[in-house]
file protein.cif (mmCIF, C-alpha atoms, pLDDT in the B column; chains and numbers go by the auth columns)
data_target
loop_
_atom_site.group_PDB
_atom_site.id
_atom_site.type_symbol
_atom_site.label_atom_id
_atom_site.label_comp_id
_atom_site.label_asym_id
_atom_site.label_seq_id
_atom_site.Cartn_x
_atom_site.Cartn_y
_atom_site.Cartn_z
_atom_site.B_iso_or_equiv
_atom_site.auth_seq_id
_atom_site.auth_asym_id
ATOM 1 C CA ASP A 1 2.708 -6.436 -18.340 68.00 92 A
ATOM 2 C CA ALA A 2 -0.476 -7.551 -16.584 81.00 93 A
ATOM 3 C CA GLY A 3 0.582 -5.999 -13.314 93.00 94 A
ATOM 4 C CA VAL A 4 0.841 -7.744 -9.974 96.00 95 A
ATOM 5 C CA ILE A 5 -1.467 -10.741 -9.931 97.00 96 A
ATOM 6 C CA GLN A 6 -2.893 -12.185 -6.734 97.00 97 A
ATOM 7 C CA SER A 7 -5.006 -15.249 -6.173 97.00 98 A
ATOM 8 C CA PRO A 8 -7.512 -16.021 -4.933 97.00 99 A
ATOM 9 C CA ARG A 9 -9.417 -12.722 -4.856 96.00 100 A
ATOM 10 C CA HIS A 10 -11.640 -13.949 -2.051 97.00 101 A
ATOM 11 C CA GLU A 11 -11.099 -16.731 0.457 97.00 102 A
ATOM 12 C CA VAL A 12 -13.479 -17.910 3.150 98.00 103 A
ATOM 13 C CA THR A 13 -12.178 -20.574 5.482 97.00 104 A
ATOM 14 C CA GLU A 14 -12.918 -22.073 8.842 97.00 105 A
ATOM 15 C CA MET A 15 -10.811 -21.373 11.877 97.00 106 A
ATOM 16 C CA GLY A 16 -7.923 -23.784 12.131 97.00 107 A
ATOM 17 C CA GLN A 17 -7.584 -24.388 8.405 97.00 108 A
ATOM 18 C CA GLU A 18 -4.472 -23.623 6.389 97.00 109 A
ATOM 19 C CA VAL A 19 -4.699 -20.722 3.974 98.00 110 A
ATOM 20 C CA THR A 20 -2.295 -20.001 1.118 98.00 111 A
ATOM 21 C CA LEU A 21 -2.276 -16.711 -0.730 98.00 112 A
ATOM 22 C CA ARG A 22 -0.412 -16.355 -4.020 98.00 113 A
ATOM 23 C CA CYS A 23 1.307 -13.522 -5.829 98.00 114 A
ATOM 24 C CA LYS A 24 2.964 -13.052 -9.197 98.00 115 A
ATOM 25 C CA PRO A 25 5.013 -9.830 -9.287 97.00 116 A
ATOM 26 C CA ILE A 26 5.696 -7.688 -12.316 95.00 117 A
ATOM 27 C CA SER A 27 8.432 -9.193 -14.447 95.00 118 A
ATOM 28 C CA GLY A 28 11.801 -7.561 -13.793 93.00 119 A
ATOM 29 C CA HIS A 29 10.900 -6.268 -10.348 94.00 120 A
ATOM 30 C CA ASP A 30 13.408 -7.255 -7.684 93.00 121 A
ATOM 31 C CA TYR A 31 11.397 -6.328 -4.589 94.00 122 A
ATOM 32 C CA LEU A 32 8.215 -8.037 -3.441 96.00 123 A
ATOM 33 C CA PHE A 33 6.126 -6.946 -0.463 96.00 124 A
ATOM 34 C CA TRP A 34 3.224 -8.459 1.454 97.00 125 A
ATOM 35 C CA TYR A 35 0.898 -6.042 3.257 97.00 126 A
ATOM 36 C CA ARG A 36 -2.231 -6.551 5.342 97.00 127 A
ATOM 37 C CA GLN A 37 -5.051 -4.016 5.442 96.00 128 A
ATOM 38 C CA THR A 38 -7.657 -3.729 8.208 95.00 129 A
ATOM 39 C CA MET A 39 -10.007 -0.931 9.176 90.00 130 A
ATOM 40 C CA MET A 40 -8.372 -0.542 12.558 91.00 131 A
ATOM 41 C CA ARG A 41 -4.705 -0.604 11.578 91.00 132 A
ATOM 42 C CA GLY A 42 -4.682 0.399 7.923 92.00 133 A
ATOM 43 C CA LEU A 43 -1.940 -1.034 5.700 95.00 134 A
ATOM 44 C CA GLU A 44 0.806 -2.858 7.545 94.00 135 A
ATOM 45 C CA LEU A 45 3.934 -4.383 6.062 95.00 136 A
ATOM 46 C CA LEU A 46 4.264 -8.085 6.847 97.00 137 A
ATOM 47 C CA ILE A 47 7.426 -9.065 4.975 97.00 138 A
ATOM 48 C CA TYR A 48 9.449 -8.147 1.955 95.00 139 A
ATOM 49 C CA PHE A 49 11.877 -9.935 -0.361 96.00 140 A
ATOM 50 C CA ASN A 50 14.781 -8.741 -2.462 94.00 141 A
ATOM 51 C CA ASN A 51 15.861 -11.032 -5.295 94.00 142 A
ATOM 52 C CA ASN A 52 13.762 -13.825 -3.744 96.00 143 A
ATOM 53 C CA VAL A 53 15.470 -13.512 -0.349 96.00 144 A
ATOM 54 C CA PRO A 54 13.421 -12.464 2.710 95.00 145 A
ATOM 55 C CA ILE A 55 14.904 -9.225 4.036 93.00 146 A
ATOM 56 C CA ASP A 56 12.570 -8.058 6.787 92.00 147 A
ATOM 57 C CA ASP A 57 9.890 -10.236 8.350 93.00 148 A
ATOM 58 C CA SER A 58 9.484 -8.214 11.519 91.00 149 A
ATOM 59 C CA GLY A 59 5.898 -7.415 10.565 92.00 150 A
ATOM 60 C CA MET A 60 4.792 -11.041 10.489 94.00 151 A
ATOM 61 C CA PRO A 61 2.427 -11.190 13.438 88.00 152 A
ATOM 62 C CA GLU A 62 3.018 -14.743 14.634 87.00 153 A
ATOM 63 C CA ASP A 63 4.700 -18.015 13.789 92.00 154 A
ATOM 64 C CA ARG A 64 1.434 -19.051 12.181 96.00 155 A
ATOM 65 C CA PHE A 65 2.400 -16.810 9.274 97.00 156 A
ATOM 66 C CA SER A 66 5.064 -17.799 6.780 97.00 157 A
ATOM 67 C CA ALA A 67 6.071 -16.516 3.348 98.00 158 A
ATOM 68 C CA LYS A 68 8.198 -17.922 0.574 97.00 159 A
ATOM 69 C CA MET A 69 9.507 -16.785 -2.764 98.00 160 A
ATOM 70 C CA PRO A 70 10.871 -19.836 -4.590 97.00 161 A
ATOM 71 C CA ASN A 71 11.575 -17.859 -7.762 96.00 162 A
ATOM 72 C CA ALA A 72 11.378 -14.353 -9.192 95.00 163 A
ATOM 73 C CA SER A 73 7.850 -14.820 -10.497 96.00 164 A
ATOM 74 C CA PHE A 74 6.020 -16.351 -7.559 97.00 165 A
ATOM 75 C CA SER A 75 5.466 -15.841 -3.849 98.00 166 A
ATOM 76 C CA THR A 76 3.149 -17.352 -1.257 98.00 167 A
ATOM 77 C CA LEU A 77 1.879 -16.223 2.121 98.00 168 A
ATOM 78 C CA LYS A 78 0.654 -19.060 4.295 98.00 169 A
ATOM 79 C CA ILE A 79 -1.353 -18.944 7.502 97.00 170 A
ATOM 80 C CA GLN A 80 -1.518 -22.146 9.510 97.00 171 A
ATOM 81 C CA PRO A 81 -3.688 -22.467 11.531 96.00 172 A
ATOM 82 C CA SER A 82 -5.941 -19.559 10.592 97.00 173 A
ATOM 83 C CA GLU A 83 -7.887 -17.575 13.187 97.00 174 A
ATOM 84 C CA PRO A 84 -10.823 -15.133 12.888 97.00 175 A
ATOM 85 C CA ARG A 85 -8.540 -12.184 13.717 96.00 176 A
ATOM 86 C CA ASP A 86 -6.569 -12.933 10.555 97.00 177 A
ATOM 87 C CA SER A 87 -9.543 -11.713 8.526 97.00 178 A
ATOM 88 C CA ALA A 88 -8.282 -8.820 6.403 97.00 179 A
ATOM 89 C CA VAL A 89 -7.309 -7.875 2.881 97.00 180 A
ATOM 90 C CA TYR A 90 -3.824 -9.048 1.972 98.00 181 A
ATOM 91 C CA PHE A 91 -1.940 -7.141 -0.700 97.00 182 A
ATOM 92 C CA CYS A 92 1.128 -8.062 -2.639 97.00 183 A
ATOM 93 C CA ALA A 93 3.239 -5.325 -4.226 95.00 184 A
ATOM 94 C CA SER A 94 6.405 -5.256 -6.297 94.00 185 A
ATOM 95 C CA SER A 95 8.944 -2.643 -7.299 92.00 186 A
ATOM 96 C CA ARG A 96 12.227 -2.270 -9.123 89.00 187 A
ATOM 97 C CA TRP A 97 14.909 -0.330 -7.325 77.00 188 A
ATOM 98 C CA THR A 98 15.788 2.609 -9.568 66.00 189 A
ATOM 99 C CA GLY A 99 16.048 6.353 -9.134 56.00 190 A
ATOM 100 C CA ASN A 100 12.283 6.563 -9.472 63.00 191 A
ATOM 101 C CA THR A 101 11.192 3.629 -7.358 74.00 192 A
ATOM 102 C CA GLU A 102 7.432 3.170 -7.571 84.00 193 A
ATOM 103 C CA ALA A 103 5.488 0.365 -5.934 88.00 194 A
ATOM 104 C CA PHE A 104 2.735 -1.438 -7.835 92.00 195 A
ATOM 105 C CA PHE A 105 0.002 -3.287 -5.979 94.00 196 A
ATOM 106 C CA GLY A 106 -2.134 -6.276 -6.786 95.00 197 A
ATOM 107 C CA GLN A 107 -5.915 -6.314 -6.367 94.00 198 A
ATOM 108 C CA GLY A 108 -5.624 -8.022 -2.999 96.00 199 A
ATOM 109 C CA THR A 109 -7.054 -11.160 -1.427 98.00 200 A
ATOM 110 C CA ARG A 110 -9.967 -10.659 0.943 97.00 201 A
ATOM 111 C CA LEU A 111 -9.625 -13.330 3.630 98.00 202 A
ATOM 112 C CA THR A 112 -12.496 -14.204 5.944 98.00 203 A
ATOM 113 C CA VAL A 113 -11.905 -16.740 8.691 98.00 204 A
ATOM 114 C CA VAL A 114 -15.099 -17.944 10.347 97.00 205 A
ATOM 115 C CA LYS B 1 9.577 4.505 13.619 81.00 230 B
ATOM 116 C CA GLN B 2 8.070 6.550 10.834 89.00 231 B
ATOM 117 C CA GLU B 3 4.477 7.611 11.534 93.00 232 B
ATOM 118 C CA VAL B 4 2.291 8.826 8.693 96.00 233 B
ATOM 119 C CA THR B 5 -0.892 10.732 9.458 97.00 234 B
ATOM 120 C CA GLN B 6 -3.617 11.822 7.088 97.00 235 B
ATOM 121 C CA ILE B 7 -6.149 14.508 7.823 93.00 236 B
ATOM 122 C CA PRO B 8 -9.081 14.551 7.476 92.00 237 B
ATOM 123 C CA ALA B 9 -10.095 10.900 7.766 94.00 238 B
ATOM 124 C CA ALA B 10 -13.203 11.602 5.695 96.00 239 B
ATOM 125 C CA LEU B 11 -14.330 14.434 3.477 95.00 240 B
ATOM 126 C CA SER B 12 -17.522 15.160 1.561 97.00 241 B
ATOM 127 C CA VAL B 13 -17.660 17.946 -1.022 96.00 242 B
ATOM 128 C CA PRO B 14 -20.015 18.999 -3.818 97.00 243 B
ATOM 129 C CA GLU B 15 -18.943 18.433 -7.380 97.00 244 B
ATOM 130 C CA GLY B 16 -16.744 21.155 -8.835 97.00 245 B
ATOM 131 C CA GLU B 17 -14.966 22.141 -5.652 97.00 246 B
ATOM 132 C CA ASN B 18 -11.198 22.277 -5.356 97.00 247 B
ATOM 133 C CA LEU B 19 -9.927 20.344 -2.371 95.00 248 B
ATOM 134 C CA VAL B 20 -6.757 19.571 -0.438 96.00 249 B
ATOM 135 C CA LEU B 21 -5.836 16.357 1.327 97.00 250 B
ATOM 136 C CA ASN B 22 -3.101 16.484 3.926 97.00 251 B
ATOM 137 C CA CYS B 23 -0.362 14.038 4.873 98.00 252 B
ATOM 138 C CA SER B 24 2.273 14.436 7.570 98.00 253 B
ATOM 139 C CA PHE B 25 5.198 12.225 8.516 97.00 254 B
ATOM 140 C CA THR B 26 7.438 12.221 11.564 96.00 255 B
ATOM 141 C CA ASP B 27 10.843 11.446 10.048 93.00 256 B
ATOM 142 C CA SER B 28 12.057 13.716 7.248 92.00 257 B
ATOM 143 C CA ALA B 29 14.648 11.153 6.099 91.00 258 B
ATOM 144 C CA ILE B 30 12.634 9.887 3.166 92.00 259 B
ATOM 145 C CA TYR B 31 13.520 8.721 -0.327 89.00 260 B
ATOM 146 C CA ASN B 32 10.171 9.516 -1.887 92.00 261 B
ATOM 147 C CA LEU B 33 6.476 9.932 -1.185 94.00 262 B
ATOM 148 C CA GLN B 34 3.620 8.347 -3.121 95.00 263 B
ATOM 149 C CA TRP B 35 -0.076 9.133 -3.277 97.00 264 B
ATOM 150 C CA PHE B 36 -2.405 6.245 -4.045 96.00 265 B
ATOM 151 C CA ARG B 37 -6.074 5.911 -4.805 97.00 266 B
ATOM 152 C CA GLN B 38 -8.121 2.955 -3.562 96.00 267 B
ATOM 153 C CA ASP B 39 -11.641 2.240 -4.741 95.00 268 B
ATOM 154 C CA PRO B 40 -13.884 0.065 -2.549 90.00 269 B
ATOM 155 C CA GLY B 41 -12.893 -3.580 -2.787 86.00 270 B
ATOM 156 C CA LYS B 42 -10.041 -2.797 -5.125 89.00 271 B
ATOM 157 C CA GLY B 43 -6.269 -2.539 -5.002 90.00 272 B
ATOM 158 C CA LEU B 44 -4.117 0.570 -4.827 94.00 273 B
ATOM 159 C CA THR B 45 -3.487 2.701 -7.878 93.00 274 B
ATOM 160 C CA SER B 46 -0.456 4.963 -7.831 92.00 275 B
ATOM 161 C CA LEU B 47 -1.357 8.563 -8.595 96.00 276 B
ATOM 162 C CA LEU B 48 1.808 10.576 -8.062 95.00 277 B
ATOM 163 C CA LEU B 49 5.335 9.972 -6.831 93.00 278 B
ATOM 164 C CA ILE B 50 7.504 12.804 -5.515 94.00 279 B
ATOM 165 C CA GLN B 51 11.216 12.269 -5.014 92.00 280 B
ATOM 166 C CA SER B 52 12.730 13.764 -1.867 91.00 281 B
ATOM 167 C CA SER B 53 14.567 16.352 -3.974 92.00 282 B
ATOM 168 C CA GLN B 54 11.367 17.534 -5.657 93.00 283 B
ATOM 169 C CA ARG B 55 8.774 20.014 -4.422 95.00 284 B
ATOM 170 C CA GLU B 56 5.770 18.958 -6.456 95.00 285 B
ATOM 171 C CA GLN B 57 4.353 16.714 -9.154 95.00 286 B
ATOM 172 C CA THR B 58 1.327 17.212 -11.369 97.00 287 B
ATOM 173 C CA SER B 59 -0.911 14.846 -13.284 95.00 288 B
ATOM 174 C CA GLY B 60 -4.026 16.250 -14.889 97.00 289 B
ATOM 175 C CA ARG B 61 -6.246 17.726 -12.180 97.00 290 B
ATOM 176 C CA LEU B 62 -3.970 16.405 -9.430 98.00 291 B
ATOM 177 C CA ASN B 63 -1.067 18.237 -7.881 98.00 292 B
ATOM 178 C CA ALA B 64 1.014 16.894 -5.028 97.00 293 B
ATOM 179 C CA SER B 65 3.486 18.976 -3.060 97.00 294 B
ATOM 180 C CA LEU B 66 6.215 17.948 -0.657 97.00 295 B
ATOM 181 C CA ASP B 67 7.875 19.900 2.134 96.00 296 B
ATOM 182 C CA LYS B 68 10.333 17.365 3.468 93.00 297 B
ATOM 183 C CA SER B 69 11.806 19.560 6.177 92.00 298 B
ATOM 184 C CA SER B 70 8.425 20.088 7.815 95.00 299 B
ATOM 185 C CA GLY B 71 7.247 16.535 7.141 96.00 300 B
ATOM 186 C CA ARG B 72 4.218 17.502 5.073 97.00 301 B
ATOM 187 C CA SER B 73 2.636 16.710 1.741 98.00 302 B
ATOM 188 C CA THR B 74 -0.611 17.837 0.197 97.00 303 B
ATOM 189 C CA LEU B 75 -2.674 16.422 -2.627 97.00 304 B
ATOM 190 C CA TYR B 76 -4.678 19.078 -4.454 97.00 305 B
ATOM 191 C CA ILE B 77 -7.613 17.971 -6.582 97.00 306 B
ATOM 192 C CA ALA B 78 -9.026 20.622 -8.907 98.00 307 B
ATOM 193 C CA ALA B 79 -12.632 20.745 -10.058 97.00 308 B
ATOM 194 C CA SER B 80 -13.626 17.560 -8.227 97.00 309 B
ATOM 195 C CA GLN B 81 -15.936 15.037 -9.906 97.00 310 B
ATOM 196 C CA PRO B 82 -18.081 12.193 -8.521 97.00 311 B
ATOM 197 C CA GLY B 83 -15.615 9.783 -10.133 97.00 312 B
ATOM 198 C CA ASP B 84 -12.952 11.096 -7.752 97.00 313 B
ATOM 199 C CA SER B 85 -14.792 9.450 -4.841 98.00 314 B
ATOM 200 C CA ALA B 86 -12.371 6.965 -3.303 98.00 315 B
ATOM 201 C CA THR B 87 -9.899 6.598 -0.465 97.00 316 B
ATOM 202 C CA TYR B 88 -6.615 8.434 -0.954 98.00 317 B
ATOM 203 C CA LEU B 89 -3.525 7.024 0.734 98.00 318 B
ATOM 204 C CA CYS B 90 -0.211 8.689 1.369 97.00 319 B
ATOM 205 C CA ALA B 91 2.931 6.559 1.750 95.00 320 B
ATOM 206 C CA VAL B 92 6.574 7.394 2.389 94.00 321 B
ATOM 207 C CA LEU B 93 9.652 5.388 1.491 90.00 322 B
ATOM 208 C CA PRO B 94 12.313 5.865 4.185 88.00 323 B
ATOM 209 C CA SER B 95 15.863 6.735 3.178 87.00 324 B
ATOM 210 C CA GLU B 96 17.107 3.686 5.044 82.00 325 B
ATOM 211 C CA GLY B 97 14.451 1.253 3.938 80.00 326 B
ATOM 212 C CA TYR B 98 12.767 -0.320 0.954 83.00 327 B
ATOM 213 C CA ALA B 99 9.144 -0.635 2.098 86.00 328 B
ATOM 214 C CA LEU B 100 6.461 2.033 2.136 90.00 329 B
ATOM 215 C CA ASN B 101 4.932 3.329 5.367 93.00 330 B
ATOM 216 C CA PHE B 102 1.268 4.187 4.867 96.00 331 B
ATOM 217 C CA GLY B 103 -1.167 6.603 6.413 96.00 332 B
ATOM 218 C CA LYS B 104 -4.693 5.378 7.106 96.00 333 B
ATOM 219 C CA GLY B 105 -6.132 7.371 4.236 96.00 334 B
ATOM 220 C CA THR B 106 -8.727 10.033 3.570 97.00 335 B
ATOM 221 C CA SER B 107 -12.108 8.788 2.373 97.00 336 B
ATOM 222 C CA LEU B 108 -13.419 11.276 -0.202 97.00 337 B
ATOM 223 C CA LEU B 109 -17.014 11.560 -1.370 97.00 338 B
ATOM 224 C CA VAL B 110 -17.841 13.973 -4.180 97.00 339 B
ATOM 225 C CA THR B 111 -21.569 14.506 -4.492 97.00 340 B
ATOM 226 C CA PRO B 112 -23.274 15.474 -7.771 95.00 341 B
#
call {"tool": "encode", "arguments": {"input": "protein.cif", "output": "structure tokens"}}
result
Amino acid sequence: DAGVIQSPRHEVTEMGQEVTLRCKPISGHDYLFWYRQTMMRGLELLIYFNNNVPIDDSGMPEDRFSAKMPNASFSTLKIQPSEPRDSAVYFCASSRWTGNTEAFFGQGTRLTVV
Amino acid sequence: KQEVTQIPAALSVPEGENLVLNCSFTDSAIYNLQWFRQDPGKGLTSLLLIQSSQREQTSGRLNASLDKSSGRSTLYIAASQPGDSATYLCAVLPSEGYALNFGKGTSLLVTP
């Protein structure tokens, strides 16, 4: 498997624009997670899905953030409208719930909102 | 809420030294603990996973230990090399949850 695939790797956008980040989890994994990483706060969980269903979105900072998982192989994280304080690296991760549950991370999307 | 702390935040050592990175967590009700490596501008690479029932795991020059009752884990790196320079992150999976809680990491620099 190619691992967790995220796109784009880098995104620069102007304040107020809509941004969509994409993630393809590892095939067969039933959990998908979106994290945000900043220098100040480290890695924070935004939302996670189980079998395509959102389970916990308590980490989503505001209503400007939304996430979907229309099928087992694709998820999006959308920010609308974007603000400079949204600038961060966004990671997608997936795992399969077994006795040895290990999370695998994508390369991340570095978002800069100017 | 589970809090994960890593000490030190940064560490610089000469090549060849053995070193220990520390991780502590506030709630001992965990399912497992993972150590990750992150290179600048890159994603996270899983290094070791320790189940709550285990005391340690080893992979090559890396050894991770877990003392669940005291809320501590250590990552031991033997005979450090410049290629070990990276940020090392500790993360715990709560017994009652499915998402990892991360520490802020230890930034390691191994100088030739």
call {"tool": "resolve_selection", "arguments": {"input": "protein.cif", "expression": "the PyMOL selection byres ((chain A) within 7 of (chain B))", "output": "ChimeraX atom specification"}}
result
/A:133-134,196-199
call {"tool": "write_last_selection", "arguments": {"input": "protein.cif", "atoms": "C-alpha atoms", "output": "PDB file, keeping the file's coordinate frame"}}
result
ATOM      1  CA  GLY A 133      -4.682   0.399   7.923  1.00 92.00           C
ATOM      2  CA  LEU A 134      -1.940  -1.034   5.700  1.00 95.00           C
ATOM      3  CA  PHE A 196       0.002  -3.287  -5.979  1.00 94.00           C
ATOM      4  CA  GLY A 197      -2.134  -6.276  -6.786  1.00 95.00           C
ATOM      5  CA  GLN A 198      -5.915  -6.314  -6.367  1.00 94.00           C
ATOM      6  CA  GLY A 199      -5.624  -8.022  -2.999  1.00 96.00           C
TER       7      GLY A 199
END
call {"tool": "resolve_selection", "arguments": {"input": "protein.cif", "expression": "the PyMOL selection byres ((chain A and resi 165) around 10)", "output": "JSON list (two decimals) with C-alpha atoms, keeping the file's coordinate frame"}}
result
[["chain", "number", "residue", "atom", "x", "y", "z"],
["A", 96, "ILE", "CA", -1.47, -10.74, -9.93],
["A", 97, "GLN", "CA", -2.89, -12.18, -6.73],
["A", 113, "ARG", "CA", -0.41, -16.36, -4.02],
["A", 114, "CYS", "CA", 1.31, -13.52, -5.83],
["A", 115, "LYS", "CA", 2.96, -13.05, -9.20],
["A", 116, "PRO", "CA", 5.01, -9.83, -9.29],
["A", 117, "ILE", "CA", 5.70, -7.69, -12.32],
["A", 123, "LEU", "CA", 8.22, -8.04, -3.44],
["A", 143, "ASN", "CA", 13.76, -13.82, -3.74],
["A", 159, "LYS", "CA", 8.20, -17.92, 0.57],
["A", 160, "MET", "CA", 9.51, -16.78, -2.76],
["A", 161, "PRO", "CA", 10.87, -19.84, -4.59],
["A", 162, "ASN", "CA", 11.58, -17.86, -7.76],
["A", 163, "ALA", "CA", 11.38, -14.35, -9.19],
["A", 164, "SER", "CA", 7.85, -14.82, -10.50],
["A", 166, "SER", "CA", 5.47, -15.84, -3.85],
["A", 167, "THR", "CA", 3.15, -17.35, -1.26]]
call {"tool": "residues_around", "arguments": {"input": "protein.cif", "residues": "segment 149-151 of chain A", "least_positions_apart": "2", "cutoff": "7 Å", "atoms": "all atoms listed in the file", "output": "MDAnalysis selection string"}}
result
chainID A and resid 136:138 147 153 156
call {"tool": "atom_distance", "arguments": {"input": "protein.cif", "atom1": "atom CA of Ile236 of chain B", "atom2": "atom CA of Thr340 of chain B"}}
result
19.7 Å
call {"tool": "closest_residue", "arguments": {"input": "protein.cif", "among": "A:Gly94, A:Pro145, A:Pro172, A:Pro152", "to": "Val110 of chain A", "atoms": "only C-alpha atoms"}}
result
A:Pro172
call {"tool": "closest_residue", "arguments": {"input": "protein.cif", "among": "B:Ser281, B:Ser241, B:Gln235, B:Ser253", "to": "Pro323 of chain B", "atoms": "only C-alpha atoms"}}
result
B:Ser281
